[in-house]
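Worksheet for the structure shown next.
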Amino acid sequence: RLLIVDFGSQVTQLIARRLRELNVYCEIHPYQNVTDAFLKDFAPRAVIFSGGPDSVMREGSPRPPAGVYEMGVPILGICYGQQVMMQDLGGRVEAGEHATAEFGRAYVTPGDDRLPLLDGWFEQGREQVWMSHGDHVSEIAPGFEVYGTSPGAPFAITADPSRHFYAVQFHPEVHHTPNGKRLYENFVKLAGFKGDWTMGAYREEAIAKIREQVGDAKVICGLSGGVDSSVAAVLIHKAIGDQLTCVFVDHGLLRKGEAEEVVSMFRDNYNIPLIAADDSERFLSALDGVSDPEVKRKTIGRLFIDVFQEHANEVGGAAFLAQGTLYPDVIESVSFSGGPSVTIKSHHNVGGLPEKMGLKLVEPLRELFKDEVRALGRELGLPESFIGRHPFPGPGLAIRCPGEITRAKLKILREADAVYIDQIRKHGLYDEIWQAFVAILPVRTVGVMGDGRTYDHACALRAVTSVDGMTADYYPFSHEFLGETATRIINEVPGINRVTYDITSKPPGTIEWE
Ligand code: XMP
């Protein structure tokens with residue numbers, strides 16, 4: 001396996017992504033955790049130093065342990081990683097000036113000699129790369145040669161092929177280095193990787209790791225019905241069987257048929273011990289009269305912790321809490337001031353539960369991206385209909401019901417949402433859309449149906465495309481689709497007499513209405 005030492009670059013996760021695309025298994029570890037003992041234990045076949053925001057010129061800036069250069073394995077340093085490597089091995093780095101700082105697209109031209117790392121490069125005489133550096137290497141370390149230069153980085157590509165040490169100033173992992181993947185491909189080939197890592201292999205490794213971590217202790221897992229927690233639960237169940245109990249709390253804010261769907265998916269397919277609790281009365285009474293979005297969220301969050309804790313106590317003696325934390329969640333919460341990411345993460349996912357309950361975390365998806373979790377889900381045999389589900393927020397329909405939440409409104413909302421999603425599926429659009437839902441609006445409008453007057457709710461349809469939920473575009477449905485859907489909703493859902501389509505992107509809007 002390959003080790004990526006993370007010095008804090010915004011794009012470290014893309015390195016992992018490129019490597020997985022090459023079927024090479026890698027793990028990212030923050031530099032603080034990478035000690036000589038860690039290296040010995042991890043026994044990487046190759047190491048990559050990521051970029052990072054710091055300056056190697058600063059006293060106390062992040063470093064790898066000295067032993068990394070003695071392991072006899074190939075090392076690739078990127079940007080800050082290049083500078084660290086040069087300085088550690090006897091070269092020099094200079095602070096950036098205007099003339100040498102480079103941000104954005106640049107072109108690298110080849111040096112005199114050829115390097116296997118660069119097979120397939122420089123066929124056009126130069127390569128486009130993405131630079132983002134203030135400092136630059138001003139003197140290469142003994143044993144190194146220059147294999148490529150750019151206007152701001154005379155040592156854009158340097159290497160000591162005899163030791164298999166490679167160092168580049170640019171970022172080969174980003175999209176704007178169009179031929180960057182080739183460089184990773186060459187690097188892993190040089191390191192002896194066969195490119196035979198698969199999701200099936202990952203599954204087996206993950207199962208072994210869970211067994212080792214958990215031993216014969218009990219584990220509880222909060223199921224939301226989303227892909228991440230479901231995949232985590234099924235994987236853990238494969239590893240430790242009935243030592244795992246899942247807890248699924250119905251807070252009364254789920255979509256039509258959702259609670260039954262989740263529970264039967266688990267009961268029918270997996271036979272996983274499952275506490276399925278209907279706590280909707282508690283949640284809905286607590287939300288009675290609440291219309292402020294933040295108060296809604298906080299009320300639901302607080303109650304969820306209480307309720308989950310009560311059910312978890314029914315399991316008795318659980319030592320671990322399982323979560324479907326993904327890699328992007330981890331990256332968002334690794335704090336460079338040294339804060340342990342686990343604590344931040346558990347706040348993020350379940351509001352401080354582990355600290356309160358003294359539970360340790362099991363997070364088998366920590367290294368994966370969303371699409372990889374979906375691939376793992378397929379490997380574990382989860383039904384396709386489940387794997388491809390749109391994300392659904394923890395506070396559920398509460399934040400799709402602006403203003404006061406009433407049972408009557410929730411009923412209307414559920415029906416309208418079901419018709420809308422049915423339409424999307426019928427038109428084969430479900431998988432093209434990141435997320436789609438109906439929001440019921442706190443206004444009533446006048447209509448005419450048959451020969452009578454109606455005075456009912458208006459609703460808004462929402463559908464967006466997105467890569468990660470951070471930014472989003474509204475989905476450009478055809479007018480025919482919108483017209484047909486509006487007609488169906490008004491005809492089939494008593495209580496709605498007007499349908500609008502929300503064409504706000506994010507930003508400036510958010511995906512949810514609250
Ligand atoms: P917004 O509305 O912030 O949503 O653009 C971005 C994505 O996050 C989901 N979302 C949540 N998910 N708990 C969750 O688990 C929440 O409180 C929450 N709020 C928003 C939202 O559905 C969208 O996919």
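Lettering and numbering for the structure tokens are positional, with chains as A, B, ... in the shown order, residues counted from 1 in each chain, and ligands counted from 1 in the shown order.
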With a distance cut-off of 9 Å and only C-alpha atoms, select the neighbouring residues of region 428-443 of chain A, excluding the residue or stretch itself and same-chain residues fewer than 5 positions from it, and output the selection as a PyMOL selection string. chain A and resi 388-392+397+399-404+409-410+412-414+416-418+420-421+423+456-469+472+475+496+511-513
Mind writing the picked residues with C-alpha atoms as a PDB file, in the first residue's frame?
ATOM      1  CA  GLY A 388     -28.354   5.399  -5.677  1.00  0.00           C
ATOM      2  CA  ARG A 389     -30.704   7.250  -3.311  1.00  0.00           C
ATOM      3  CA  HIS A 390     -30.542  11.010  -3.165  1.00  0.00           C
ATOM      4  CA  PRO A 391     -29.147  12.487   0.050  1.00  0.00           C
ATOM      5  CA  PHE A 392     -31.724  13.271   2.718  1.00  0.00           C
ATOM      6  CA  LEU A 397     -39.105  17.161   6.178  1.00  0.00           C
ATOM      7  CA  ILE A 399     -36.697  21.917   6.843  1.00  0.00           C
ATOM      8  CA  ARG A 400     -38.899  21.421   3.768  1.00  0.00           C
ATOM      9  CA  CYS A 401     -41.892  22.833   5.569  1.00  0.00           C
ATOM     10  CA  PRO A 402     -41.095  26.531   6.110  1.00  0.00           C
ATOM     11  CA  GLY A 403     -43.086  28.014   8.974  1.00  0.00           C
ATOM     12  CA  GLU A 404     -44.941  25.885  11.481  1.00  0.00           C
ATOM     13  CA  LYS A 409     -48.830  19.734   6.170  1.00  0.00           C
ATOM     14  CA  LEU A 410     -46.420  16.811   6.523  1.00  0.00           C
ATOM     15  CA  ILE A 412     -49.533  16.713   2.028  1.00  0.00           C
ATOM     16  CA  LEU A 413     -45.780  17.143   1.629  1.00  0.00           C
ATOM     17  CA  ARG A 414     -45.178  13.377   1.687  1.00  0.00           C
ATOM     18  CA  ALA A 416     -46.526  15.556  -3.246  1.00  0.00           C
ATOM     19  CA  ASP A 417     -42.926  14.451  -2.851  1.00  0.00           C
ATOM     20  CA  ALA A 418     -43.818  10.868  -3.762  1.00  0.00           C
ATOM     21  CA  TYR A 420     -42.620  14.229  -7.906  1.00  0.00           C
ATOM     22  CA  ILE A 421     -40.017  11.510  -7.365  1.00  0.00           C
ATOM     23  CA  GLN A 423     -42.267  11.484 -12.194  1.00  0.00           C
ATOM     24  CA  ASP A 456     -54.966  25.419  -0.688  1.00  0.00           C
ATOM     25  CA  HIS A 457     -51.216  25.278  -0.236  1.00  0.00           C
ATOM     26  CA  ALA A 458     -48.657  26.166  -2.837  1.00  0.00           C
ATOM     27  CA  CYS A 459     -45.584  23.983  -3.132  1.00  0.00           C
ATOM     28  CA  ALA A 460     -42.170  24.366  -4.710  1.00  0.00           C
ATOM     29  CA  LEU A 461     -40.304  21.677  -6.603  1.00  0.00           C
ATOM     30  CA  ARG A 462     -36.557  21.585  -6.145  1.00  0.00           C
ATOM     31  CA  ALA A 463     -34.016  19.623  -8.182  1.00  0.00           C
ATOM     32  CA  VAL A 464     -30.291  20.295  -8.365  1.00  0.00           C
ATOM     33  CA  THR A 465     -27.135  18.906  -9.858  1.00  0.00           C
ATOM     34  CA  SER A 466     -24.020  19.015  -7.723  1.00  0.00           C
ATOM     35  CA  VAL A 467     -20.720  17.253  -7.178  1.00  0.00           C
ATOM     36  CA  ASP A 468     -20.501  17.541  -3.421  1.00  0.00           C
ATOM     37  CA  GLY A 469     -23.489  19.540  -2.233  1.00  0.00           C
ATOM     38  CA  ALA A 472     -25.373  23.375  -6.982  1.00  0.00           C
ATOM     39  CA  TYR A 475     -31.880  21.109 -12.949  1.00  0.00           C
ATOM     40  CA  ILE A 496     -52.156  21.554  -3.030  1.00  0.00           C
ATOM     41  CA  ILE A 511     -30.276  23.324  -1.569  1.00  0.00           C
ATOM     42  CA  GLU A 512     -32.783  22.950   1.260  1.00  0.00           C
ATOM     43  CA  TRP A 513     -35.244  25.725   1.978  1.00  0.00           C
TER      44      TRP A 513
END
Assign secondary structure with DSSP using the backbone only, and return the residues of region 373-453 of chain A in alpha helix (DSSP H) as a ChimeraX atom specification. /A:373-379,384-387,407-426
Give the answer as one residue: which of A:Asp228, A:Asp268, A:Asp160, A:Glu379 has the shortest atom-to-atom distance to ligand 1, using only C-alpha atoms and all ligand atoms?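 Selected residue with least distance to ligand 1: A:Asp228.
The shortest atom-to-atom distance to Gly241 (chain A), with only C-alpha atoms taken into account, belongs to A:Gly215 out of A:Gly91, A:Gly447, A:Pro393, A:Gly215.
Atom to atom, CA of Arg20 (chain A) and CA of Ile4 (chain A) stand 12.4 Å apart.
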